[in-house]
Amino acid sequence: MTQLRTRFAPSPTGYLHIGGLRTALYSYLYAKKNNGKFILRIEDTDQGRYVEGAVDIIYRTLHETGLHYDEGPDVGGEYGPYIQSQRANEYLYYAKKLVESGHAYYCFCTEERLQSLPDVNGARRYDKHCLHLSAEEVERRINSGEKYVIRQNMPVTGNTTYHDAVYGDITIENSELEDQILIKSDGMPTYNFANVIDDHLMGINCVMRGIEYLSSTPKYNLLYDAFGWERPMYIHMPPIMKDAQHKLSKRNGDASYEDLVKKGFLKNAIINYIALLGWSPKDDSEKMSFEQLLEKFDIAGINKSPSIFDPVKLAWLNSLYIKEMTPEAFAEYATPWIEGCYLKNFDKALVCKLIQSRIETFGEIEDKLRFLAEFPPFDSALYDNQKQKTNADTARQILPLVKEKFTQVSVWDNQHLYEALVQLAEAQGLKNGKVLWPARVALSGLAATPGGASEIAELLGKAETLRRLDISIQLLK
Ligand code: GLU
């Protein structure tokens, strides 16, 4: 049986965006599930859109996320080069073969003539003007240095059908297909031509890509047919939307893998979430490790309908991955976020302990704990809590006692501080909340904080804790 060969063929136009990463992920998973090979090819024939450094981002992202390709520009392989600009000669050779067999032709039409063609719904369809030039005339004009392109000669009657594994049978009337350019006037191939030549020469027998290519695929199939090559299997994927109306797209600056990492999302959570954008496993599980994705991935689970990129769900998944990190792994990952701001002045282990179960992304750490560094005057209405039956009056009575109790605490840690507060409540015949709530407000100036009064006090240290209590007591006078 022929080995399955899938590929990811990004154009190096900037960061690797979510849609691209999903294509890479599905192609990888499908290949690996079927003992196949996953290939990386860089499609850089559109030099106008080339962005310096983008190729390195592609390599880095795929390596980092574990989408290891079996063949590719930086890992080699038997079907190289894996960068289109290094394959330029191949394309011209194959285009000429198509000219010989009548499936393509040279076109010398000037921009001016093309612009004079009738405009039908914003498009000026080429009218096969150069199709019937004699071989002699073509040769003469090429030799005289006239600029030319090579166009595909589309059939004008009949239709072309193919099967897509997700969208079923797709049929297009051949008369709808324009004689698209295969080789541009600079000698470079168009994407529409290069992808077919490369897929064939690289032995790709399964093409997975975004739905935007669904309607162009009949043109590619006509090229396969013209060469007498076997068509690959096609798996087109549903669009990823930003909301009901707008596509998530790199053109409007939507999330890239690296942006998400910078915001504090973990790579496992990103990959897990991306897997769910357009696919669901039979058992409907949501949180899946990379190994589980490999085990569960199947083509039948790819949806036809668009999926919406939901940052809330991604954050939720991320929080699950954060919670299951060991304290050591969490501390290591959190270090840049902690050391890059005012938090560097606090005990890192305590910060980590306080925050690990309370954040959804690492990017939240700085804001969530800002009250450790800033303590502006606050409204005494924050002491109101109906459940705990507290308010500014009860706080006014209890806070001086909290201060006194804390002054006597010799071992300044959460456990001792918590015990001190509970003892105080007991001695006063009060429920714990009547002491804990106002103490936390008095130390943070906030109604909601990660951690309770004793944890905050531990982090602030004795001097700062007592200073804040003094300030809060004064504010109530
Ligand atoms: N270079 C194309 C893109 O980045 C790839 C399309 C394909 O997979 O054939 O959209």
# chains A, B, ... in the order shown; residues from 1 in each chain; ligands from 1
>>> residues_around(residues="Lys128 in chain A", least_positions_apart="5", cutoff="12 Å", atoms="only C-alpha atoms", output="list in words")
Ala104, Tyr105, Tyr106, Cys107, Phe108, Cys109, Leu114, Leu117, Leu133, Ile150, Arg151, Gln152, Asn153, Met154, Pro155, Val156, Leu177, Glu178, Asp179, Gln180 and Ile181 of chain A
>>> write_last_selection(atoms="C-alpha atoms", output="PDB file, in the first residue's frame")
ATOM      1  CA  ALA A 104      -1.524  25.525 -21.865  1.00  0.00           C
ATOM      2  CA  TYR A 105      -0.439  28.358 -24.129  1.00  0.00           C
ATOM      3  CA  TYR A 106       1.743  31.443 -24.277  1.00  0.00           C
ATOM      4  CA  CYS A 107      -0.034  34.736 -23.840  1.00  0.00           C
ATOM      5  CA  PHE A 108       1.477  38.086 -24.815  1.00  0.00           C
ATOM      6  CA  CYS A 109      -1.472  40.295 -24.002  1.00  0.00           C
ATOM      7  CA  LEU A 114      -6.443  42.882 -20.325  1.00  0.00           C
ATOM      8  CA  LEU A 117     -11.795  43.182 -21.524  1.00  0.00           C
ATOM      9  CA  LEU A 133      -1.178  31.958 -32.157  1.00  0.00           C
ATOM     10  CA  ILE A 150       1.753  30.873 -19.741  1.00  0.00           C
ATOM     11  CA  ARG A 151      -1.953  30.184 -19.239  1.00  0.00           C
ATOM     12  CA  GLN A 152      -3.878  27.013 -18.601  1.00  0.00           C
ATOM     13  CA  ASN A 153      -6.212  26.144 -21.468  1.00  0.00           C
ATOM     14  CA  MET A 154      -9.480  25.313 -19.728  1.00  0.00           C
ATOM     15  CA  PRO A 155     -12.071  23.169 -21.465  1.00  0.00           C
ATOM     16  CA  VAL A 156     -15.082  25.257 -22.465  1.00  0.00           C
ATOM     17  CA  LEU A 177     -12.995  28.296 -15.083  1.00  0.00           C
ATOM     18  CA  GLU A 178     -10.765  31.045 -16.364  1.00  0.00           C
ATOM     19  CA  ASP A 179      -7.571  30.358 -18.276  1.00  0.00           C
ATOM     20  CA  GLN A 180      -5.501  31.057 -15.203  1.00  0.00           C
ATOM     21  CA  ILE A 181      -1.859  32.060 -15.360  1.00  0.00           C
TER      22      ILE A 181
END
>>> residues_near_ligand(ligand="ligand 1", cutoff="10 Å", atoms="only C-alpha atoms and all ligand atoms", output="MDAnalysis selection string")
chainID A and resid 6:13 16 19:20 23:24 41:46 191:192 194:196 198:199 207:213 217 236
>>> select_by_dssp(residues="range 10-95 of chain A", states="strand (DSSP E)", output="list in words")
Lys37, Phe38, Ile39 and Leu40 of chain A
>>> closest_atom_pairs(of="range 102-215 of chain A", to="range 68-88 of chain A", cutoff="12 Å", atoms="only C-alpha atoms", output="JSON lines")
{"residue": "A:Ile183", "atom": "CA", "partner": "A:Ala88", "partner_atom": "CA", "distance": 10.0}
{"residue": "A:Lys184", "atom": "CA", "partner": "A:Ala88", "partner_atom": "CA", "distance": 11.4}
{"residue": "A:Asp186", "atom": "CA", "partner": "A:Ala88", "partner_atom": "CA", "distance": 10.8}
{"residue": "A:Gly187", "atom": "CA", "partner": "A:Ala88", "partner_atom": "CA", "distance": 7.9}
{"residue": "A:Met188", "atom": "CA", "partner": "A:Ala88", "partner_atom": "CA", "distance": 6.4}
{"residue": "A:Pro189", "atom": "CA", "partner": "A:Ala88", "partner_atom": "CA", "distance": 7.4}
{"residue": "A:Thr190", "atom": "CA", "partner": "A:Gln84", "partner_atom": "CA", "distance": 10.5}
{"residue": "A:Tyr191", "atom": "CA", "partner": "A:Gln84", "partner_atom": "CA", "distance": 9.6}
{"residue": "A:Phe193", "atom": "CA", "partner": "A:Gln84", "partner_atom": "CA", "distance": 11.3}
{"residue": "A:Ala194", "atom": "CA", "partner": "A:Gln84", "partner_atom": "CA", "distance": 7.6}
{"residue": "A:Asn195", "atom": "CA", "partner": "A:Gln84", "partner_atom": "CA", "distance": 9.1}
{"residue": "A:Val196", "atom": "CA", "partner": "A:Gln84", "partner_atom": "CA", "distance": 11.8}
{"residue": "A:Ile197", "atom": "CA", "partner": "A:Arg87", "partner_atom": "CA", "distance": 10.1}
{"residue": "A:Asp198", "atom": "CA", "partner": "A:Gln84", "partner_atom": "CA", "distance": 8.2}
{"residue": "A:Asp199", "atom": "CA", "partner": "A:Tyr79", "partner_atom": "CA", "distance": 10.2}
{"residue": "A:His200", "atom": "CA", "partner": "A:Tyr79", "partner_atom": "CA", "distance": 10.4}
{"residue": "A:Leu201", "atom": "CA", "partner": "A:Tyr79", "partner_atom": "CA", "distance": 7.2}
{"residue": "A:Met202", "atom": "CA", "partner": "A:Tyr79", "partner_atom": "CA", "distance": 5.4}
{"residue": "A:Gly203", "atom": "CA", "partner": "A:Tyr79", "partner_atom": "CA", "distance": 8.1}
{"residue": "A:Ile204", "atom": "CA", "partner": "A:Tyr79", "partner_atom": "CA", "distance": 10.3}
>>> closest_residue(among="A:Gly445, A:Gly452, A:Pro118, A:Gly301", to="Met237 in chain A", atoms="only C-alpha atoms")
A:Gly301
>>> residues_around(residues="Pro218 in chain A", least_positions_apart="5", cutoff="9 Å", atoms="only C-alpha atoms", output="MDAnalysis selection string")
chainID A and resid 160:162 170:172 174 177 223
>>> write_last_selection(atoms="C-alpha atoms", output="short mmCIF file (atom, residue, chain, number, x, y, z; two decimals), in the first residue's frame")
data_model
loop_
_atom_site.label_atom_id
_atom_site.label_comp_id
_atom_site.auth_asym_id
_atom_site.auth_seq_id
_atom_site.Cartn_x
_atom_site.Cartn_y
_atom_site.Cartn_z
CA THR A 160 -15.19 18.66 -13.45
CA THR A 161 -16.09 16.70 -10.34
CA TYR A 162 -14.03 15.58 -7.40
CA ILE A 170 -17.85 19.12 -5.71
CA THR A 171 -18.78 19.82 -9.32
CA ILE A 172 -17.88 22.87 -11.35
CA ASN A 174 -15.66 24.00 -16.89
CA LEU A 177 -12.99 28.30 -15.08
CA LEU A 223 -3.72 19.92 -14.37
#
>>> select_by_dssp(residues="range 120-356 of chain A", states="alpha helix (DSSP H)", output="ChimeraX atom specification")
/A:135-143,191-201,217-227,257-262,267-275,290-296,311-323,327-339,348-355
>>> closest_residue(among="A:Phe290, A:Phe375, A:Tyr93, A:Trp229", to="Arg468 in chain A", atoms="only C-alpha atoms")
A:Phe375
>>> residues_around(residues="Asn391 in chain A", least_positions_apart="6", cutoff="8 Å", atoms="only C-alpha atoms", output="list in words")
Ser380, Ala381, Leu382, Tyr383, Asp384, Asn385 and Pro438 of chain A
